[in-house]
Every structure is written in C-alpha cells, then in structure tokens.
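A short write-up of the structure that comes next.
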Amino acid sequence: MTDASPVAARGLVKRYGELVAVDHVDLTVAKGDVFGYLGPNGAGKTTSLRMLLGLIRPSDGSIKLFGRDPLVDGAKALEGVAGFVEGPRFYPYLSGRRNLRLLSAYDDGDSRSRIEEVLEIVELRDRAKDKVGGYSHGMQQRLGIASALLRDPRLLLLDEPTTGLDPAGMRDMRDLVRRLAGQGITVLLSSHLLGEVEELCNRVAIIRKGRIVYEGQLRDLLATAATGYRLRSPEVERAKALLLAQAGVSDVQSVDGELRFQADEDAVAALSIALGQARVGVTALVPETASLEELFLGMTEGNQPATTEAVA
Amino acid sequence: MIAAVGRIYEWEVAKLLAQKRTYLGLISAMLVPVVFVVVLLLQSGGPNDVPLGRYIRETGLAVPFVVLFFMSIWGLPLITALVAGDIVASESHNGTLKTILTRSRERGEIFAGKVLAALTYTLVVVFAMGLVGLIAGSIAWGFHPLTSLSGSKVSAGHGFGLLVASLAVYTLPLAGIAAFGLMLSTITRNSAASVVGTLMWALLMQLVGVLPGTESIRPYLLGTQFDAWHGFLRTPADWTPVIRAVWVCALYIAIPLFAAYLVFLRRDVAGE
C-alpha cells in the first residue's frame, strides 16, 4: 500500500447539471514530487482537489491516494494526507492552539503532542493563545499548514496557498513549502501563479476548462519551448563566420548587435569549443525559451480545443 | 468508534461552550422561572388555569412544573432550535465543515458527535430551567409537599423525584424538535432558515393539536408529548402518556436524524 503513488486519479469527472467542471482528468503524483496544478480561475483545480480530499463525489472516474480509494475506504484513504482547499478555515472563537487541539481530536489524538512543534514550524507559537478571529490572512494560511503538519503527512494538498498574502507572506509560504518538500513530503500545489510553480515545482499539470492539456516534467515543458540561442561577442563578424561554418547551426541572424541562431545542444557545445580555439571572445551564449507564462497562456487561452496530444 | 465519537462529542460541546448563542439560550431558560416568580410575588392570585397553577404559592416545587407548561409553547423549542438548527449549518457557513471532514474521522462519527452535543444541550437547558425554577420557587414559597394533579399530597422529597422524572420525559419531545432542527441544519446549510423552520415546525405541531377534528391524531402529535409528565403527577401514576411519549418521540427523533445522517454522509462539501 505504501509503495503506491501518492495520487493516481483516472478519468475523473465532475458534473453539475449541464456544466462539466472536471472532464476526464488523469493525474499522477509520484513520491517526492512538488507537483504544480496550474490553471486559470474556474478551470477545475479546486474541484479536482475537493474530489481528491473526499469532500465531493466524482461523477465518474477513480481516485487512489497511496492506493486507497476515498469513496471505498472513507477517512482511511486520507491517512498520511493533509491539506486544504480554498484556504484553511478555523473556528474564529477558539484560539489557534485550541483549534489545533480540536483537529488533533478529529485525528487519532496522538498528534496533540506535536502541536507546539508545528506551531514553531509555522512561527505562530507567540500568537497561539489568541483567537483565530483576530488572525491575519497570512497567519490563517500558516495555521492551515500547521494543521496539515499535525497529521504528519506524506502528501500535502495545497490549494493556492499564497493567495491573498502580501509579498513577504508569499515568500515565507514558498520557503515553508520548499522546506517541507525537502523533508520528503510530496506536495500537490494548485496555483494560477506561474512564477510560484516555476520556483517550487518539478512536475506540472495544466488544466483548462476542466481538461488536462499538459502533464509532465516542468523542465520538459520548458524545453519544448526552446526557440534558439543568442550569442554576444565583441567580434560579431568573426563569430558569425564560425557559426555559419558550424555543423548543426542554422538560421543565423544578426539582430541588435548580437547573433541569433537555431541549434541542438551538441552543436552549441561544439561551437563554444570552436569559438575558444579561434580566440573569439564571448560575452553571452544563452538559450532562448518561452517563459512558463507564455506556454501557459498558449495552452489555456484561445479557442483551440484541449488535445490529448499535448499531454505528456 | 465509540471512543472516536466520544472525543468528537467532547469537542462539539467545547465549541458550544465557546459560542454566545449557547449562553443566550441557556440564560434565557434560567431567567424565565426567576422572572415568573418575581412577577407572582408582585401580584396576588396565580395561573389557576394551568396544571398545578393553583398550588404555586404552596410550594416552590410547583414552580418548575408550571414554567414547563408555559415554556413548551415556543420558549424551549426556540432555545433548542437556536443550537440544533445551527450545529451543522454554521460549519457550512464558516467553511469549517471541510476542515473537520478532511481529518481521520468518518462522517458518521462526526454526525453522531454533533447529535449527542445538540441533545446534551437540550437536556441541560431543561434541567437548568427546572433547577432554577425550584430554587427560585423555594426561596419565595419554601420547599413543601406538593399537591398532585389528583389532589393528593406528596412529600417534598417524592415531589422532587417526580420533578426529575417529569423533566426527563419533557426532554423527549424537545429532542424531537432538536432532531428536526438538525435535519434542517444539514439539508439547508443555513442557520437562520433552520432555526426559523424548526420553530415553525414546533408551532405547527402545537397548532394542529388544538384544531377541531384532530382528536384522533392528537395523541401522536409531538406537541401533545409535552404534557406526558402529567402522568407522573397522578395518584396512582398514569404511565400511559409517558410510555406513548417515549415511542412517539423516538419516531420524531429517529426519522429526521436518519434523513439528516444520509444527507450528511453523501453531501458534496463545495464552496463551504
């Protein structure tokens, strides 16, 4: 059971009458992944996460969390799983610490001894005695992480954890997620913030209008968008001559005092050696790639239908 | 499972104790008999047209019985509805339902904890009102033997025992109202609608009971069961209304609770 993938969703569908909020979504999150679940608002991210956490029943398809099906195994399927959707919610009339005690009681109760530890991790120990009603949004987000950590999770499901936070709060939250991932916790993180996903995640799925349009390694996604290389040199003409003579290099153009060209990685490696041997100075040789944002917008905007070919 | 429900129950009670509306109902229930006694002290005569009303100045023991009669119309149903109608709906409204449903407890266990907490509140309110009524009445008129509904005297100690039994039986129809409130709370996910709906249900039950032509169904109406305790105050005790109250109320409790349970088990928790 523990060897199973943290998340394996197959053919997940959620219909609300005529509306198909999630349309045959397949998701696989492997151990150790920091998995970014990207999509514009209303694309179906939160609905997917709700289904994963057993809050709503799929209209069709199956979910396995570490091999357990929430529909069959009930709360047992959430063993080792923690997180929140649409922001964590607590009892405003109880203190942060009492909220955690309450949630510990809704677990097996053994986690009560870890309350101080998790409060320390999210840096809320000083405010733990205050009522949650007086907490800022950022503090409630951190308390949400603390409540998740109480369960000693192997999988964290976080729905837009930095939404509504100020820049410092966002940075702290990302640091926290990075730290937790570094401790071996698998993270599934939904977000519409591309920089956040690019910064934190190794794998991504992009959802558009309820359908997955890409799932795979982030670096593979970015590599598909490689558009060429730029080279800067004090001796542009000599460099250009070498470029034109180099096998595997094509489309060499001079633009604004620099050279742009297409090449595969082997050709670029050979070129750099040739430039060195010819004693042609190089001030920059950089790959040009589309940003994740450009890729994301290309996949999630416009009228082109979601295609299974795009799914890695 | 019992241990898990016990832990959830404990925290459901803790949540109730941390909310103002809980005290609003409880304090109201305790104030009513005090106000009642003060008003009676300020005027002569008494509520002669209600059970034990004519003996109210003979012993403080009569006060809680008389107050039970008045509070059954809408006072205690309202207080019960305030908590039972809110106990699930407020979790939906505040978004905390998803917080507790993503922990390690089954939905059925959480539901059971909430039911027990709502019923506990009902029981506490009734007994708190009875106790305060007894104390206030005893201060005003002493703790003396009680004249039963059959006209015979019962000792103060025996009368106290009858009071406890009466309060327990009186709690049964209130538990029926609480169950209905819990069902509305689960289905509507709206506290105000659940509280008002529950109160309307309680008043409707009372209204149907006084309509002409309803004599045949009257013994099985929820409102009628509020008078079941009269059986204890007859000599000898008349168990018929008490036994009927037990099974009739059991139905009024079980049916809405079962419906609420099924909804709670299968409901989608989205956007709440």
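Note on naming: chains are A, B, ... as they come in the structure tokens, residues start from 1 per chain, ligands start from 1 in the order shown.
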Kindly determine which residues of chain B lie within 12 Å of chain A, considering only C-alpha atoms, and give the answer as a CSV table (one decimal) with N, CA and C atoms, in the first residue's frame.
chain,number,residue,atom,x,y,z
B,1,MET,N,-14.8,3.0,17.6
B,1,MET,CA,-15.7,4.0,17.1
B,1,MET,C,-16.3,4.8,18.3
B,3,ALA,N,-15.0,5.5,21.1
B,3,ALA,CA,-14.0,6.4,21.7
B,3,ALA,C,-13.9,7.6,20.7
B,4,ALA,N,-13.9,7.4,19.5
B,4,ALA,CA,-13.8,8.5,18.5
B,4,ALA,C,-15.0,9.4,18.6
B,5,VAL,N,-16.2,8.8,18.7
B,5,VAL,CA,-17.4,9.7,18.8
B,5,VAL,C,-17.3,10.4,20.1
B,6,GLY,N,-16.8,9.8,21.2
B,6,GLY,CA,-16.7,10.5,22.5
B,6,GLY,C,-15.8,11.7,22.4
B,7,ARG,N,-14.6,11.5,21.7
B,7,ARG,CA,-13.7,12.7,21.5
B,7,ARG,C,-14.4,13.8,20.7
B,8,ILE,N,-15.1,13.4,19.7
B,8,ILE,CA,-15.7,14.4,18.8
B,8,ILE,C,-16.8,15.1,19.6
B,9,TYR,N,-17.6,14.3,20.4
B,9,TYR,CA,-18.6,14.9,21.2
B,9,TYR,C,-18.1,15.9,22.2
B,10,GLU,N,-16.9,15.5,22.8
B,10,GLU,CA,-16.3,16.4,23.8
B,10,GLU,C,-16.0,17.8,23.2
B,11,TRP,N,-15.5,17.7,21.9
B,11,TRP,CA,-15.1,19.0,21.3
B,11,TRP,C,-16.3,19.7,20.7
B,12,GLU,N,-17.4,19.0,20.4
B,12,GLU,CA,-18.6,19.6,19.9
B,12,GLU,C,-19.2,20.4,21.1
B,13,VAL,N,-19.1,19.8,22.3
B,13,VAL,CA,-19.6,20.5,23.5
B,13,VAL,C,-18.7,21.8,23.7
B,14,ALA,N,-17.4,21.6,23.6
B,14,ALA,CA,-16.4,22.7,23.8
B,14,ALA,C,-16.8,23.8,22.8
B,15,LYS,N,-17.1,23.5,21.6
B,15,LYS,CA,-17.4,24.5,20.6
B,15,LYS,C,-18.7,25.3,21.0
B,16,LEU,N,-19.7,24.5,21.5
B,16,LEU,CA,-20.9,25.1,22.0
B,16,LEU,C,-20.6,26.1,23.2
B,17,LEU,N,-19.8,25.6,24.0
B,17,LEU,CA,-19.4,26.4,25.2
B,17,LEU,C,-18.7,27.7,24.9
B,18,ALA,N,-18.1,27.7,23.7
B,18,ALA,CA,-17.3,28.9,23.3
B,18,ALA,C,-18.2,29.9,22.5
B,19,GLN,N,-19.5,29.6,22.3
B,19,GLN,CA,-20.3,30.4,21.4
B,19,GLN,C,-21.4,31.2,22.3
B,20,LYS,N,-21.6,32.4,21.9
B,20,LYS,CA,-22.5,33.3,22.7
B,20,LYS,C,-23.9,32.7,22.7
B,90,SER,N,-23.8,26.2,10.7
B,90,SER,CA,-22.7,27.2,10.9
B,90,SER,C,-21.4,26.6,10.5
B,91,GLU,N,-21.2,25.3,10.5
B,91,GLU,CA,-19.9,24.8,10.0
B,91,GLU,C,-19.8,25.0,8.5
B,92,SER,N,-21.0,24.8,7.8
B,92,SER,CA,-21.0,25.0,6.4
B,92,SER,C,-20.7,26.5,6.1
B,93,HIS,N,-21.4,27.3,6.8
B,93,HIS,CA,-21.3,28.8,6.6
B,93,HIS,C,-19.8,29.3,6.8
B,94,ASN,N,-19.2,28.8,7.9
B,94,ASN,CA,-17.9,29.2,8.2
B,94,ASN,C,-16.8,28.5,7.5
B,95,GLY,N,-17.2,27.5,6.7
B,95,GLY,CA,-16.2,26.7,6.0
B,95,GLY,C,-15.4,25.7,6.8
B,96,THR,N,-15.8,25.5,8.0
B,96,THR,CA,-15.1,24.6,8.9
B,96,THR,C,-15.5,23.1,8.7
B,97,LEU,N,-16.6,22.9,8.0
B,97,LEU,CA,-17.0,21.5,7.7
B,97,LEU,C,-15.9,20.8,6.9
B,98,LYS,N,-15.4,21.5,5.9
B,98,LYS,CA,-14.3,20.8,5.1
B,98,LYS,C,-13.1,20.6,6.0
B,99,THR,N,-12.9,21.5,6.9
B,99,THR,CA,-11.7,21.3,7.8
B,99,THR,C,-11.8,20.0,8.6
B,100,ILE,N,-13.0,19.8,9.2
B,100,ILE,CA,-13.1,18.6,10.0
B,100,ILE,C,-13.3,17.3,9.2
B,101,LEU,N,-13.9,17.5,8.0
B,101,LEU,CA,-14.1,16.3,7.2
B,101,LEU,C,-12.9,15.8,6.5
B,102,THR,N,-11.8,16.6,6.5
B,102,THR,CA,-10.6,16.1,5.9
B,102,THR,C,-9.6,15.6,7.0
B,103,ARG,N,-10.1,15.2,8.1
B,103,ARG,CA,-9.2,14.6,9.2
B,103,ARG,C,-9.5,13.1,9.1
B,104,SER,N,-9.3,12.5,10.3
B,104,SER,CA,-9.3,11.0,10.2
B,104,SER,C,-10.6,10.3,10.6
B,105,ARG,N,-11.6,11.2,10.9
B,105,ARG,CA,-12.9,10.6,11.3
B,105,ARG,C,-13.9,10.4,10.2
B,106,GLU,N,-14.7,9.4,10.3
B,106,GLU,CA,-15.7,9.1,9.3
B,106,GLU,C,-16.8,10.1,9.5
B,107,ARG,N,-17.5,10.4,8.4
B,107,ARG,CA,-18.6,11.4,8.5
B,107,ARG,C,-19.7,10.9,9.6
B,108,GLY,N,-19.9,9.7,9.6
B,108,GLY,CA,-20.9,9.2,10.5
B,108,GLY,C,-20.5,9.4,12.0
B,109,GLU,N,-19.3,9.3,12.3
B,109,GLU,CA,-18.8,9.6,13.7
B,109,GLU,C,-18.9,11.1,14.0
B,110,ILE,N,-18.6,11.9,13.0
B,110,ILE,CA,-18.8,13.4,13.2
B,110,ILE,C,-20.3,13.7,13.5
B,113,GLY,N,-21.4,12.7,16.9
B,113,GLY,CA,-20.9,13.7,17.9
B,113,GLY,C,-21.7,14.9,18.0
B,264,PHE,N,-25.9,14.0,5.3
B,264,PHE,CA,-24.6,14.3,5.8
B,264,PHE,C,-23.5,13.4,5.2
B,265,LEU,N,-23.9,12.1,5.1
B,265,LEU,CA,-22.9,11.1,4.6
B,265,LEU,C,-22.6,11.3,3.2
B,266,ARG,N,-23.5,11.7,2.4
B,266,ARG,CA,-23.3,11.8,0.9
B,266,ARG,C,-23.2,13.2,0.3
B,267,ARG,N,-23.3,14.2,1.1
B,267,ARG,CA,-23.4,15.5,0.6
B,267,ARG,C,-22.0,15.9,0.0
B,268,ASP,N,-22.0,16.7,-1.0
B,268,ASP,CA,-20.8,17.3,-1.5
B,268,ASP,C,-20.5,18.6,-0.7
B,269,VAL,N,-19.3,18.7,-0.2
B,269,VAL,CA,-18.9,19.9,0.5
B,269,VAL,C,-18.1,20.8,-0.4
B,270,ALA,N,-18.8,21.7,-1.1
B,270,ALA,CA,-18.2,22.5,-2.1
B,270,ALA,C,-18.5,24.0,-1.8
B,271,GLY,N,-17.5,24.8,-1.8
B,271,GLY,CA,-17.7,26.2,-1.6
B,271,GLY,C,-18.2,26.5,-0.2
B,272,GLU,N,-17.9,25.7,0.8
B,272,GLU,CA,-18.4,25.9,2.2
B,272,GLU,C,-17.3,25.5,3.1
Using only C-alpha atoms, which residues sit within 12 Å of Leu174 in chain B once same-chain residues fewer than 3 positions away are excluded, as an MDAnalysis selection string? chainID B and resid 68 71:81 84 118:126 167:171 177:181 198:199 201:202 222:227 245:246 249:250 252:253
List the neighbours of Asn190 in chain B out to 9 Å using only C-alpha atoms; skip same-chain residues closer than 4 positions along the sequence, and give me the result as a list of chain:residue names.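 Once the adjacent positions are removed, what remains is B:Gly85, B:Asp86, B:Val88, B:Ala89, B:Ser90, B:Ser92, B:His93, B:Leu184, B:Ser185, B:Thr186, B:Ser194, B:Val195.
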DSSP-assigned alpha helix (DSSP H) among range 21-233 of chain A, expressed as a short mmCIF file (atom, residue, chain, number, x, y, z; two decimals) with N, CA and C atoms, in the first residue's frame:
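Heads up, here's the output in part.cif:
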data_model
loop_
_atom_site.label_atom_id
_atom_site.label_comp_id
_atom_site.auth_asym_id
_atom_site.auth_seq_id
_atom_site.Cartn_x
_atom_site.Cartn_y
_atom_site.Cartn_z
N LYS A 45 -9.42 23.33 -10.93
CA LYS A 45 -8.37 22.92 -9.98
C LYS A 45 -8.96 22.58 -8.61
N THR A 46 -9.73 23.52 -8.07
CA THR A 46 -10.25 23.31 -6.72
C THR A 46 -11.24 22.15 -6.68
N THR A 47 -12.04 22.03 -7.72
CA THR A 47 -12.98 20.90 -7.77
C THR A 47 -12.21 19.58 -7.77
N SER A 48 -11.12 19.54 -8.51
CA SER A 48 -10.29 18.32 -8.53
C SER A 48 -9.76 18.02 -7.13
N LEU A 49 -9.24 19.05 -6.46
CA LEU A 49 -8.68 18.84 -5.13
C LEU A 49 -9.76 18.41 -4.13
N ARG A 50 -10.94 18.99 -4.26
CA ARG A 50 -12.05 18.58 -3.39
C ARG A 50 -12.34 17.09 -3.56
N MET A 51 -12.31 16.64 -4.80
CA MET A 51 -12.56 15.22 -5.04
C MET A 51 -11.44 14.37 -4.43
N LEU A 52 -10.20 14.84 -4.57
CA LEU A 52 -9.08 14.08 -4.01
C LEU A 52 -9.22 13.96 -2.49
N PRO A 70 -10.89 7.04 -1.66
CA PRO A 70 -11.69 7.75 -0.65
C PRO A 70 -13.16 7.33 -0.64
N LEU A 71 -13.69 6.92 -1.79
CA LEU A 71 -15.10 6.53 -1.83
C LEU A 71 -15.33 5.18 -1.17
N VAL A 72 -14.32 4.34 -1.23
CA VAL A 72 -14.45 3.00 -0.65
C VAL A 72 -13.93 2.97 0.79
N ASP A 73 -12.78 3.59 0.99
CA ASP A 73 -12.12 3.49 2.29
C ASP A 73 -12.43 4.65 3.24
N GLY A 96 -5.76 29.70 18.29
CA GLY A 96 -5.05 28.87 17.32
C GLY A 96 -4.69 27.52 17.91
N ARG A 97 -4.21 27.55 19.14
CA ARG A 97 -3.80 26.31 19.80
C ARG A 97 -5.00 25.38 20.03
N ARG A 98 -6.12 25.98 20.46
CA ARG A 98 -7.31 25.14 20.72
C ARG A 98 -7.88 24.59 19.41
N ASN A 99 -7.75 25.36 18.34
CA ASN A 99 -8.16 24.83 17.04
C ASN A 99 -7.34 23.59 16.69
N LEU A 100 -6.05 23.67 16.94
CA LEU A 100 -5.20 22.52 16.63
C LEU A 100 -5.52 21.34 17.55
N ARG A 101 -5.83 21.63 18.80
CA ARG A 101 -6.21 20.55 19.72
C ARG A 101 -7.49 19.87 19.23
N LEU A 102 -8.42 20.71 18.80
CA LEU A 102 -9.68 20.17 18.27
C LEU A 102 -9.39 19.26 17.08
N LEU A 103 -8.56 19.75 16.15
CA LEU A 103 -8.30 18.95 14.95
C LEU A 103 -7.53 17.69 15.30
N SER A 104 -6.70 17.79 16.31
CA SER A 104 -5.99 16.59 16.77
C SER A 104 -6.99 15.54 17.27
N ALA A 105 -8.03 16.02 17.95
CA ALA A 105 -9.06 15.09 18.42
C ALA A 105 -9.83 14.48 17.26
N TYR A 106 -9.95 15.23 16.18
CA TYR A 106 -10.62 14.69 14.99
C TYR A 106 -9.68 13.77 14.21
N ILE A 115 1.64 19.59 18.74
CA ILE A 115 1.06 20.92 18.47
C ILE A 115 2.11 22.03 18.61
N GLU A 116 2.87 21.97 19.68
CA GLU A 116 3.86 23.04 19.88
C GLU A 116 4.92 23.01 18.77
N GLU A 117 5.26 21.81 18.37
CA GLU A 117 6.28 21.66 17.32
C GLU A 117 5.80 22.29 16.00
N VAL A 118 4.55 21.99 15.61
CA VAL A 118 4.09 22.53 14.33
C VAL A 118 3.83 24.04 14.42
N LEU A 119 3.44 24.49 15.60
CA LEU A 119 3.29 25.94 15.77
C LEU A 119 4.64 26.64 15.60
N GLU A 120 5.66 25.98 16.08
CA GLU A 120 7.02 26.51 15.94
C GLU A 120 7.43 26.55 14.47
N ILE A 121 7.11 25.47 13.76
CA ILE A 121 7.50 25.38 12.34
C ILE A 121 6.89 26.54 11.54
N HIS A 137 -4.81 37.13 7.36
CA HIS A 137 -4.96 36.07 6.35
C HIS A 137 -3.72 35.18 6.31
N GLY A 138 -2.57 35.84 6.36
CA GLY A 138 -1.33 35.07 6.30
C GLY A 138 -1.17 34.13 7.49
N MET A 139 -1.57 34.61 8.66
CA MET A 139 -1.48 33.76 9.86
C MET A 139 -2.42 32.57 9.74
N GLN A 140 -3.60 32.81 9.16
CA GLN A 140 -4.54 31.69 8.99
C GLN A 140 -3.99 30.68 7.99
N GLN A 141 -3.31 31.18 6.96
CA GLN A 141 -2.70 30.26 5.99
C GLN A 141 -1.64 29.41 6.70
N ARG A 142 -0.86 30.07 7.55
CA ARG A 142 0.20 29.33 8.25
C ARG A 142 -0.40 28.34 9.25
N LEU A 143 -1.49 28.75 9.88
CA LEU A 143 -2.16 27.81 10.79
C LEU A 143 -2.71 26.62 9.99
N GLY A 144 -3.13 26.91 8.76
CA GLY A 144 -3.59 25.83 7.88
C GLY A 144 -2.48 24.82 7.62
N ILE A 145 -1.28 25.33 7.38
CA ILE A 145 -0.13 24.43 7.18
C ILE A 145 0.13 23.66 8.47
N ALA A 146 0.06 24.37 9.60
CA ALA A 146 0.32 23.70 10.89
C ALA A 146 -0.69 22.58 11.12
N SER A 147 -1.95 22.85 10.78
CA SER A 147 -2.98 21.81 10.99
C SER A 147 -2.73 20.62 10.08
N ALA A 148 -2.19 20.90 8.90
CA ALA A 148 -1.87 19.80 7.98
C ALA A 148 -0.67 19.00 8.52
N LEU A 149 0.31 19.72 9.03
CA LEU A 149 1.53 19.04 9.52
C LEU A 149 1.24 18.18 10.75
N PRO A 167 3.66 40.21 -0.33
CA PRO A 167 4.88 39.61 -0.90
C PRO A 167 5.73 38.87 0.14
N ALA A 168 5.86 39.44 1.33
CA ALA A 168 6.67 38.76 2.36
C ALA A 168 6.00 37.45 2.78
N GLY A 169 4.68 37.49 2.89
CA GLY A 169 3.94 36.29 3.26
C GLY A 169 4.07 35.22 2.20
N MET A 170 4.04 35.64 0.95
CA MET A 170 4.19 34.69 -0.16
C MET A 170 5.56 34.04 -0.13
N ARG A 171 6.56 34.87 0.13
CA ARG A 171 7.93 34.35 0.18
C ARG A 171 8.05 33.34 1.32
N ASP A 172 7.50 33.70 2.49
CA ASP A 172 7.58 32.79 3.64
C ASP A 172 6.87 31.48 3.36
N MET A 173 5.70 31.59 2.73
CA MET A 173 4.92 30.38 2.44
C MET A 173 5.68 29.48 1.47
N ARG A 174 6.29 30.10 0.47
CA ARG A 174 7.05 29.29 -0.50
C ARG A 174 8.26 28.65 0.16
N ASP A 175 8.91 29.41 1.03
CA ASP A 175 10.06 28.84 1.75
C ASP A 175 9.61 27.63 2.56
N LEU A 176 8.45 27.78 3.18
CA LEU A 176 7.92 26.69 4.01
C LEU A 176 7.63 25.45 3.16
N VAL A 177 6.98 25.68 2.02
CA VAL A 177 6.66 24.55 1.13
C VAL A 177 7.96 23.88 0.66
N ARG A 178 8.94 24.71 0.32
CA ARG A 178 10.22 24.17 -0.15
C ARG A 178 10.87 23.34 0.96
N ARG A 179 10.79 23.86 2.19
CA ARG A 179 11.39 23.16 3.32
C ARG A 179 10.70 21.81 3.57
N LEU A 180 9.39 21.83 3.47
CA LEU A 180 8.62 20.59 3.70
C LEU A 180 8.92 19.57 2.60
N ALA A 181 9.00 20.07 1.38
CA ALA A 181 9.33 19.17 0.28
C ALA A 181 10.72 18.58 0.49
N GLY A 182 11.60 19.41 1.03
CA GLY A 182 12.96 18.95 1.32
C GLY A 182 13.00 17.87 2.37
N LEU A 194 2.26 31.55 -12.00
CA LEU A 194 3.23 30.77 -12.76
C LEU A 194 4.62 30.83 -12.15
N GLY A 195 4.97 32.00 -11.66
CA GLY A 195 6.29 32.14 -11.04
C GLY A 195 6.43 31.20 -9.85
N GLU A 196 5.37 31.09 -9.11
CA GLU A 196 5.36 30.22 -7.94
C GLU A 196 5.60 28.76 -8.34
N VAL A 197 4.90 28.34 -9.36
CA VAL A 197 5.04 26.96 -9.82
C VAL A 197 6.44 26.73 -10.38
N GLU A 198 6.91 27.69 -11.15
CA GLU A 198 8.24 27.56 -11.75
C GLU A 198 9.31 27.49 -10.66
N GLU A 199 9.05 28.23 -9.57
CA GLU A 199 10.02 28.29 -8.47
C GLU A 199 10.01 27.02 -7.63
N LEU A 200 8.83 26.43 -7.46
CA LEU A 200 8.70 25.34 -6.48
C LEU A 200 8.61 23.94 -7.08
N LEU A 218 8.30 19.76 -15.53
CA LEU A 218 8.30 21.18 -15.85
C LEU A 218 9.43 21.50 -16.84
N ARG A 219 10.60 20.86 -16.61
CA ARG A 219 11.73 21.18 -17.49
C ARG A 219 11.46 20.71 -18.92
N ASP A 220 10.72 19.60 -19.07
CA ASP A 220 10.37 19.13 -20.42
C ASP A 220 9.45 20.12 -21.09
N LEU A 221 8.53 20.65 -20.28
CA LEU A 221 7.59 21.62 -20.83
C LEU A 221 8.35 22.85 -21.32
N LEU A 222 9.27 23.29 -20.46
CA LEU A 222 10.03 24.49 -20.85
C LEU A 222 10.93 24.20 -22.05
N ALA A 223 11.45 22.96 -22.11
CA ALA A 223 12.33 22.60 -23.23
C ALA A 223 11.58 22.59 -24.56
N THR A 224 10.30 22.24 -24.49
CA THR A 224 9.53 22.22 -25.74
C THR A 224 9.42 23.62 -26.32
#
Would you pick out the contacts of Gly231 in chain B at 9 Å or less, using only C-alpha atoms, so that residues sharing its chain but fewer than 6 positions from it are not included, and give the list as a VMD selection string? chain B and resid 149 166 237 to 242
Prev. selection, N, CA and C atoms, output as a short mmCIF file (atom, residue, chain, number, x, y, z; two decimals), in the first residue's frame:
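Done, and the output landed in result-v7.cif:
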data_model
loop_
_atom_site.label_atom_id
_atom_site.label_comp_id
_atom_site.auth_asym_id
_atom_site.auth_seq_id
_atom_site.Cartn_x
_atom_site.Cartn_y
_atom_site.Cartn_z
N LEU B 149 -51.84 16.28 40.73
CA LEU B 149 -52.97 16.60 39.85
C LEU B 149 -54.23 15.86 40.27
N SER B 166 -40.23 14.11 35.50
CA SER B 166 -41.00 14.93 34.56
C SER B 166 -40.09 15.68 33.59
N ALA B 237 -49.72 6.80 39.61
CA ALA B 237 -49.10 7.34 38.38
C ALA B 237 -49.74 6.71 37.14
N ASP B 238 -49.99 7.56 36.16
CA ASP B 238 -50.56 7.08 34.90
C ASP B 238 -49.41 6.97 33.89
N TRP B 239 -49.04 5.74 33.57
CA TRP B 239 -47.89 5.54 32.69
C TRP B 239 -48.24 5.62 31.21
N THR B 240 -49.53 5.62 30.92
CA THR B 240 -49.92 5.59 29.50
C THR B 240 -49.32 6.75 28.70
N PRO B 241 -49.53 8.00 29.13
CA PRO B 241 -48.95 9.09 28.32
C PRO B 241 -47.42 9.06 28.30
N VAL B 242 -46.84 8.56 29.39
CA VAL B 242 -45.37 8.52 29.45
C VAL B 242 -44.83 7.51 28.43
#
